[in-house]
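These notes are about the structure you will find just below.
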Amino acid sequence: MDLTEIPRVSTLTKEAFLENYFKPQLPVVVENAVNHWPAISKWSLDYMAKVAGEKKVPLYDDRPVRHEDGFNEPHAQMKLAEYIALLKKAPTKYRIFLWNIFKEVPPLQNDFDYPDFGLKIKKKLPMLFFGGTDSYTFMHYDIDMSNIFHFHFEGKKECLLFPQSQTKYLYKVPHAIITHEGIDFSKPDLQKWPALKRVNGYRTALKHGEMLYMPEGYWHYMKYHTPGFSMSLRSWPKNPLNFAKGLYNIFIMRHYDILMRKLRKQAWIDYKNKRAIRQTHKAI
């Protein structure tokens, strides 16, 4: 895969962000975007265990999708303190995905504000993501096609990004927002997945306090090199086509896929995976 390092800047004004990154829809890492946040000095795995340790959290691993799985249905649950102890003890595949901790622990909202980059941020949807050493997310894009401001805390994680223009090379699964789950994007087998030789994308590694801007609908794959967690803030897509695609994904595509899982069961999942390969190889 042809991967370019995502540009890095120390700080970024609203005007520079809009002109250099938002308008051309290019990613950027801002190393000191929110140094004024109390979260920068306070938030750690130990701190989260202290203030929210008794809260039960949804956990996900890297098992392939099965027909009986609900949309974004967790694979397990445990108390946050127990989960963080697990993260610190040994590598685990379990991740926390799309957890709105701020509804359950409102005082945490005092530890950050909403940065002004010229885009209106959805203040009801800050989400946290946790992962242990070597855990990862499947390559996917967000269902609503939002612009994403992704802030990382503690440890280090690798991020791979691809714009929607590269979808034809990524083995996208039909009626879904993921690529074929057989691909290991950290070290892909290019003999088995030859279309990936043609894909052009971006990579970076995030450290504590850094922010990654992911433009509308960008594919992303995240792998934790060490235990850590991140928070995403979101802004609705501004491109009318992306906004329409987000609505289609939420109100039509998702429900159609759920229905077909009920009707055709695992045969539907298997069909989609095979079609992802056929369509991609046909395109090249």
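Residues in the structure tokens are numbered from 1 in each chain, the chains being A, B, ... in the order shown, and ligands are numbered from 1 in the order shown.
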Inset, instruction - Using only C-alpha atoms, determine which residues lie at most 6 Å from stretch 146-150 of chain A, disregarding the query and same-chain residues fewer than 6 positions distant; provide the list as a PyMOL selection string. - result: chain A and resi 211-216+231-237
Inset, instruction - Would you please give, as a PyMOL selection string, all residues of stretch 31-271 of chain A that DSSP assigns to strand (DSSP E) based on the backbone? - result: chain A and resi 56-59+76-79+96-99+127-131+147-153+156-162+200-207+211-214+219-224+228-235
Inset, instruction - For A:Pro106, list every protein, DNA or RNA residue within 12 Å, evaluated using only C-alpha atoms, and leave out those in the same chain fewer than 4 positions away; present the list as a PyMOL selection string. - result: chain A and resi 51-52+100-102+110-112+124+126
Inset, instruction - Compile the contact shell of stretch 32-39 of chain A as number ranges by chain: residues with an atom at most 12 Å away, counting only C-alpha atoms, same-chain residues fewer than 4 positions apart removed. - result: A: 8-14, 17, 28, 43-45, 47-48, 107-117, 149-154, 206-213, 230-231
As a PDB file with C-alpha atoms, in the first residue's frame, please: the residues near stretch 256-258 of chain A (cut-off 7 Å, only C-alpha atoms, same-chain neighbours under 4 positions excluded).
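Wrote out_3.pdb, looks like this:
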```pdb
ATOM      1  CA  HIS A 175     -24.542  -2.909   2.326  1.00  0.00           C
ATOM      2  CA  ILE A 252     -32.063   2.624   4.673  1.00  0.00           C
ATOM      3  CA  LYS A 262     -32.808 -12.211   9.668  1.00  0.00           C
TER       4      LYS A 262
END
```
Inset, instruction - State, in Å with one decimal place, the distance from atom CA of A:Glu54 to atom CA of A:Ala81. - result: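 Separation of atom CA of A:Glu54 and atom CA of A:Ala81: 6.5 Å.
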Legend entry - Length of the atom CA of A:Met1 to atom CA of A:Asp134 vector [Å]: 20.3 Å
Legend entry - Residue list (alpha helix (DSSP H), DSSP) for stretch 46-218 of chain A, as a VMD selection string: chain A and resid 46 to 52 80 to 89 101 to 104
Go ahead and write the selection's residues with N, CA, C and O atoms as a CSV table (one decimal), in the first residue's frame.
```
chain,number,residue,atom,x,y,z
A,46,ASP,N,-5.7,5.2,34.8
A,46,ASP,CA,-5.9,5.2,36.2
A,46,ASP,C,-7.0,6.1,36.7
A,46,ASP,O,-7.9,5.8,37.5
A,47,TYR,N,-7.0,7.3,36.1
A,47,TYR,CA,-8.0,8.4,36.4
A,47,TYR,C,-9.4,7.9,36.0
A,47,TYR,O,-10.4,8.1,36.8
A,48,MET,N,-9.5,7.3,34.8
A,48,MET,CA,-10.8,6.8,34.4
A,48,MET,C,-11.3,5.7,35.3
A,48,MET,O,-12.5,5.6,35.6
A,49,ALA,N,-10.4,4.8,35.7
A,49,ALA,CA,-10.8,3.8,36.6
A,49,ALA,C,-11.3,4.3,37.9
A,49,ALA,O,-12.2,3.8,38.6
A,50,LYS,N,-10.7,5.4,38.4
A,50,LYS,CA,-11.1,6.1,39.6
A,50,LYS,C,-12.4,6.7,39.6
A,50,LYS,O,-13.2,6.5,40.5
A,51,VAL,N,-12.7,7.5,38.5
A,51,VAL,CA,-14.0,8.2,38.5
A,51,VAL,C,-15.1,7.5,37.9
A,51,VAL,O,-16.3,7.8,38.1
A,52,ALA,N,-14.9,6.4,37.1
A,52,ALA,CA,-15.9,5.7,36.4
A,52,ALA,C,-15.8,4.2,36.5
A,52,ALA,O,-16.4,3.4,35.8
A,80,LEU,N,-15.7,-0.9,34.3
A,80,LEU,CA,-14.6,-0.2,33.7
A,80,LEU,C,-13.3,-0.5,34.4
A,80,LEU,O,-12.2,-0.7,33.8
A,81,ALA,N,-13.3,-0.5,35.8
A,81,ALA,CA,-12.1,-0.7,36.5
A,81,ALA,C,-11.5,-2.1,36.2
A,81,ALA,O,-10.3,-2.3,36.1
A,82,GLU,N,-12.4,-3.1,36.1
A,82,GLU,CA,-11.9,-4.5,35.8
A,82,GLU,C,-11.3,-4.5,34.4
A,82,GLU,O,-10.3,-5.2,34.1
A,83,TYR,N,-11.9,-3.8,33.4
A,83,TYR,CA,-11.4,-3.8,32.1
A,83,TYR,C,-10.1,-3.1,32.0
A,83,TYR,O,-9.1,-3.6,31.4
A,84,ILE,N,-9.9,-2.0,32.7
A,84,ILE,CA,-8.6,-1.3,32.7
A,84,ILE,C,-7.5,-2.1,33.4
A,84,ILE,O,-6.4,-2.1,32.9
A,85,ALA,N,-7.9,-2.8,34.4
A,85,ALA,CA,-6.9,-3.8,35.0
A,85,ALA,C,-6.5,-4.8,34.0
A,85,ALA,O,-5.3,-5.2,34.0
A,86,LEU,N,-7.4,-5.3,33.2
A,86,LEU,CA,-7.1,-6.3,32.2
A,86,LEU,C,-6.2,-5.7,31.2
A,86,LEU,O,-5.2,-6.3,30.7
A,87,LEU,N,-6.4,-4.4,30.7
A,87,LEU,CA,-5.6,-3.8,29.8
A,87,LEU,C,-4.1,-3.7,30.2
A,87,LEU,O,-3.2,-3.9,29.5
A,88,LYS,N,-4.0,-3.4,31.5
A,88,LYS,CA,-2.6,-3.2,32.1
A,88,LYS,C,-1.9,-4.4,32.4
A,88,LYS,O,-0.7,-4.5,32.5
A,89,LYS,N,-2.7,-5.5,32.5
A,89,LYS,CA,-2.1,-6.8,32.9
A,89,LYS,C,-1.5,-7.5,31.7
A,89,LYS,O,-0.3,-8.0,31.7
A,101,ILE,N,-19.4,8.0,27.9
A,101,ILE,CA,-19.2,8.0,29.3
A,101,ILE,C,-19.8,9.3,30.0
A,101,ILE,O,-20.1,9.3,31.2
A,102,PHE,N,-19.9,10.4,29.2
A,102,PHE,CA,-20.3,11.6,29.8
A,102,PHE,C,-21.8,11.7,30.3
A,102,PHE,O,-22.1,12.4,31.1
A,103,LYS,N,-22.6,10.8,29.7
A,103,LYS,CA,-24.0,10.6,30.2
A,103,LYS,C,-24.0,10.0,31.6
A,103,LYS,O,-24.8,10.2,32.4
A,104,GLU,N,-23.0,9.1,31.9
A,104,GLU,CA,-22.9,8.4,33.1
A,104,GLU,C,-22.1,9.0,34.2
A,104,GLU,O,-22.3,8.9,35.4
```
Legend entry - Polymer residues at most 8 Å from A:Phe130, only C-alpha atoms, same-chain spacing of 2 or more positions, as a list in words: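 Listing them by chain and then by number gives Arg95, Ile96, Phe97, Leu128, Gly132, Pro227, Gly228, Phe229 and Ser230 of chain A.
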Kindly export the residues of the current selection with C-alpha atoms, as an mmCIF file, in the first residue's frame.
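The resulting file, part38.cif, is shown below:
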```
data_model
loop_
_atom_site.group_PDB
_atom_site.id
_atom_site.type_symbol
_atom_site.label_atom_id
_atom_site.label_comp_id
_atom_site.auth_asym_id
_atom_site.auth_seq_id
_atom_site.Cartn_x
_atom_site.Cartn_y
_atom_site.Cartn_z
ATOM 1 C CA ARG A 95 -12.066 -2.721 23.000
ATOM 2 C CA ILE A 96 -14.584 -0.117 24.127
ATOM 3 C CA PHE A 97 -16.270 1.379 21.088
ATOM 4 C CA LEU A 128 -14.716 7.346 24.025
ATOM 5 C CA GLY A 132 -5.195 -2.774 24.714
ATOM 6 C CA PRO A 227 -3.094 0.445 26.192
ATOM 7 C CA GLY A 228 -4.831 3.786 25.779
ATOM 8 C CA PHE A 229 -8.039 5.585 24.898
ATOM 9 C CA SER A 230 -9.345 8.334 22.650
#
```
